[in-house]
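First comes the structure, then the notes that go with it.
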Amino acid sequence: MDLLTKYGYAPNQEAMSRALDLIAANLEQVASEQVYKDCFSMMDLTTLKTDDTPASVTKLVNKVNAFQQTYPEWPLPASICVYPNFAAVVDKERTCDFNITVVSACFPSSQSFLEVKLKECEIAVEQGADEVDIVLALNSFLAEDYEAAAEEIRQVRACIDAVAAKQGRKVHLKVILETGLLRTPEKIATASFLAMEAGADFIKTSTGKVDVNATPVAAYVMCECIAKFYEATGKKIGFKPAGGISSAADALCYYSIVSSILGKEWLNKDLFRFGVSRVANNILAAVEQKTVAYF
């Protein structure tokens with residue numbers, strides 16, 4: 001039995017198009033200071049540049065550490081997201097309550113030996129990562145070797161759980177589907193169910209490193225799959241759009257998709273994240289009514 005049949009899901013593109021048109025038409029009604037602040041609190045504030053250095057990462061951490069001195073009425077972002085070799089830098093420098101997210105397991109292509117991927121995840125958790133974002137093994141998935149793709153996720157899950165258990169804590173696993181390379185709603189749905197079954201705490205749209213990243217259609221399909229999975233298993237899986245989210249309106253769009261399909265229970269940082277590098281200033285500007293260049 002294929003996964004779409006197992007969970008009783010078939011993407012309805014006409015219904016999806018109507019729903020997304022309605023969401024787009026109503027963004028102004030959704031916009032409010034509280035919604036913008038909620039979106040800000042669900043950000044994984046991200047720096048994934050080739051020229052990242054300990055100094056540049058420290059500078060970003062210090063901006064978050066000092067953020068509420070400048071904006072005392074605002075929440076902190078949920079996490080700072082970095083390459084795995086910077087987990088220890090963030091852990092050393094943070095002085096307030098946000099998580100450390102790393103992109104790991106040979107991000108962004110996931111093209112390497114499983115042993116290498118596992119070791120990278122292991123070291124990142126040992127050095128302080130609270131959340132690990134990995135990329136679905138598309139080399140297996142696109143060849144329709146779904147068991148191999150799922151087994152990689154299961155092994156990463158077991159690896160990070162074992163390290164975290166020694167430290168007396170829990171580390172969350174996000175699986176990036178790279179939806180822009182999956183191309184069809186059916187493949188996006190299959191990847192969503194596969195990742196959730198294999199142990200993902202979150203499913204995430206994109207790396208931000210390919211031509212097509214987060215899209216409302218991909219988000220809609222993934223959220224419908226999360227709803228179906230919850231209906232079948234009772235497990236709440238989180239959702240993270242990432243890649244190309246740059247405006248406050250983009251944030252409102254994804255917030256509205258999650259709200260309309262999954263409901264208010266998902267509108268918190270435990271179940272909803274944005275992967276962002278640019279949108280933070282734009283959300284601040286939308287409320288402060290002036291240009292902001294804090295981050």
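Identifiers in this document derive from the order of the structure tokens: chains are assigned A, B, ..., residues are numbered from 1 separately in each chain, and ligands are numbered from 1 in order of occurrence.
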
Can you write out as a tab-separated table which residues of stretch 63-139 of chain A fall within 12 Å of stretch 187-194 of chain A, alongside each residue's closest atom pair and its distance in Å to one decimal, counting only C-alpha atoms and ordering rows by chain and ascending residue number?
```
residue	atom	partner	partner_atom	distance
A:Val135	CA	A:Ala191	CA	11.2
A:Leu136	CA	A:Ala191	CA	8.1
A:Ala137	CA	A:Ala191	CA	10.2
A:Leu138	CA	A:Ala191	CA	9.6
```

Inset, instruction - For A:Ser256, list every protein, DNA or RNA residue within 12 Å, evaluated using only C-alpha atoms, and leave out those in the same chain fewer than 4 positions away; present the list as a PyMOL selection string. - result: chain A and resi 19-31+35-36+39+216+219-220+223+249-252+260-264+266-267+272

N, CA and C atoms of the current selection, written as a compact mmCIF listing (two decimals), in the first residue's frame:
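Contents of again23.txt, as written:
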```txt
# COMPACT_ATOMS: atom_id res chain seq x y z
N ALA A 19 -8.56 27.83 -2.18
CA ALA A 19 -8.22 28.16 -0.79
C ALA A 19 -7.06 29.15 -0.73
N LEU A 20 -6.05 28.94 -1.57
CA LEU A 20 -4.90 29.83 -1.56
C LEU A 20 -5.25 31.21 -2.11
N ASP A 21 -6.13 31.27 -3.09
CA ASP A 21 -6.61 32.57 -3.59
C ASP A 21 -7.32 33.34 -2.48
N LEU A 22 -8.13 32.63 -1.70
CA LEU A 22 -8.86 33.26 -0.61
C LEU A 22 -7.90 33.76 0.47
N ILE A 23 -6.90 32.95 0.79
CA ILE A 23 -5.90 33.36 1.77
C ILE A 23 -5.17 34.62 1.30
N ALA A 24 -4.77 34.64 0.03
CA ALA A 24 -4.06 35.80 -0.51
C ALA A 24 -4.91 37.07 -0.47
N ALA A 25 -6.20 36.89 -0.70
CA ALA A 25 -7.11 38.04 -0.72
C ALA A 25 -7.38 38.60 0.67
N ASN A 26 -7.10 37.80 1.71
CA ASN A 26 -7.47 38.20 3.07
C ASN A 26 -6.28 38.51 3.96
N LEU A 27 -5.10 38.67 3.39
CA LEU A 27 -3.92 38.90 4.22
C LEU A 27 -4.02 40.18 5.04
N GLU A 28 -4.61 41.21 4.47
CA GLU A 28 -4.73 42.47 5.22
C GLU A 28 -5.60 42.30 6.46
N GLN A 29 -6.60 41.42 6.36
CA GLN A 29 -7.46 41.18 7.51
C GLN A 29 -6.74 40.37 8.60
N VAL A 30 -5.77 39.56 8.18
CA VAL A 30 -5.01 38.75 9.13
C VAL A 30 -3.97 39.59 9.87
N ALA A 31 -3.43 40.59 9.19
CA ALA A 31 -2.34 41.39 9.74
C ALA A 31 -2.76 42.11 11.01
N VAL A 35 -0.24 39.17 15.57
CA VAL A 35 0.12 38.13 14.60
C VAL A 35 1.56 38.30 14.14
N TYR A 36 1.96 39.54 13.89
CA TYR A 36 3.35 39.76 13.49
C TYR A 36 4.32 39.33 14.60
N CYS A 39 4.51 35.60 14.65
CA CYS A 39 5.38 35.12 13.57
C CYS A 39 6.85 35.29 13.94
N PRO A 216 3.47 28.45 -1.45
CA PRO A 216 2.20 28.19 -0.77
C PRO A 216 1.60 26.82 -1.11
N ALA A 219 3.39 24.21 0.92
CA ALA A 219 2.99 24.35 2.31
C ALA A 219 1.60 23.78 2.54
N TYR A 220 0.70 24.05 1.62
CA TYR A 220 -0.68 23.58 1.77
C TYR A 220 -0.71 22.05 1.79
N CYS A 223 0.82 20.69 5.06
CA CYS A 223 -0.08 20.87 6.22
C CYS A 223 -1.26 19.91 6.15
N ALA A 249 4.40 39.98 4.33
CA ALA A 249 3.25 39.33 3.69
C ALA A 249 3.49 37.84 3.48
N ASP A 250 4.73 37.46 3.15
CA ASP A 250 5.05 36.03 3.04
C ASP A 250 4.78 35.32 4.36
N ALA A 251 5.22 35.92 5.45
CA ALA A 251 5.00 35.31 6.76
C ALA A 251 3.51 35.16 7.04
N LEU A 252 2.73 36.20 6.73
CA LEU A 252 1.28 36.13 6.95
C LEU A 252 0.64 35.03 6.12
N SER A 260 -5.50 27.87 8.78
CA SER A 260 -6.71 27.38 8.12
C SER A 260 -6.78 25.85 8.08
N ILE A 261 -5.63 25.18 8.00
CA ILE A 261 -5.63 23.72 7.88
C ILE A 261 -5.45 23.03 9.22
N LEU A 262 -4.54 23.53 10.03
CA LEU A 262 -4.19 22.84 11.28
C LEU A 262 -4.79 23.50 12.51
N GLY A 263 -5.14 24.75 12.41
CA GLY A 263 -5.81 25.42 13.51
C GLY A 263 -4.87 26.08 14.51
N LYS A 264 -5.46 26.73 15.49
CA LYS A 264 -4.70 27.53 16.46
C LYS A 264 -3.72 26.70 17.27
N TRP A 266 -1.58 24.76 16.34
CA TRP A 266 -0.27 24.69 15.68
C TRP A 266 0.43 26.05 15.63
N LEU A 267 -0.22 27.11 16.08
CA LEU A 267 0.35 28.44 15.92
C LEU A 267 1.23 28.81 17.12
N PHE A 272 5.35 25.19 14.80
CA PHE A 272 5.41 26.01 13.58
C PHE A 272 6.66 26.89 13.65
```

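Between atom CA of A:Lys59 and atom CA of A:Ile80 lies a distance of 11.8 Å.
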
Legend entry - Atom-to-atom span, atom CA of A:Glu178 and atom CA of A:Ser206, Å: 4.3 Å

Residues of stretch 134-237 of chain A that have any atom at most 10 Å from an atom of stretch 275-289 of chain A: could you tabulate them with the shortest-distance atom pair and the distance in Å to one decimal, using only C-alpha atoms, ordered by chain and increasing number, as a tab-separated table?
```
residue	atom	partner	partner_atom	distance
A:Lys204	CA	A:Gly275	CA	8.8
A:Thr205	CA	A:Gly275	CA	9.4
A:Ser206	CA	A:Gly275	CA	9.0
A:Thr207	CA	A:Gly275	CA	9.0
A:Gly208	CA	A:Gly275	CA	8.9
A:Ala214	CA	A:Gly275	CA	9.8
```

Inset, instruction - Taking the chain letters and numbering used in this document, name the residues of stretch 211-291 of chain A that DSSP puts in helix (DSSP H, G or I), as a ChimeraX atom specification. - result: /A:216-233,248-262,264-266,279-288

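Nearest to A:Glu151 of all the residues A:Glu122, A:Glu131, A:Glu73, A:Glu197 is A:Glu197, based on only C-alpha atoms.
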
Legend entry - All residues 9 Å or closer to A:Phe274, only C-alpha atoms, same chain fewer than 5 positions away omitted, as a PyMOL selection string: chain A and resi 39-40+42-45+239-242+245+251+254

Legend entry - Which of stretch 106-283 of chain A DSSP labels strand (DSSP E or B), written as a list in words: Glu131, Val132, Asp133, Ile134, Val135, His172, Leu173, Lys174, Val175, Ile176, Phe202, Ile203, Lys204, Gly238, Phe239, Lys240, Ala242, Phe272, Phe274, Gly275 and Val276 of chain A
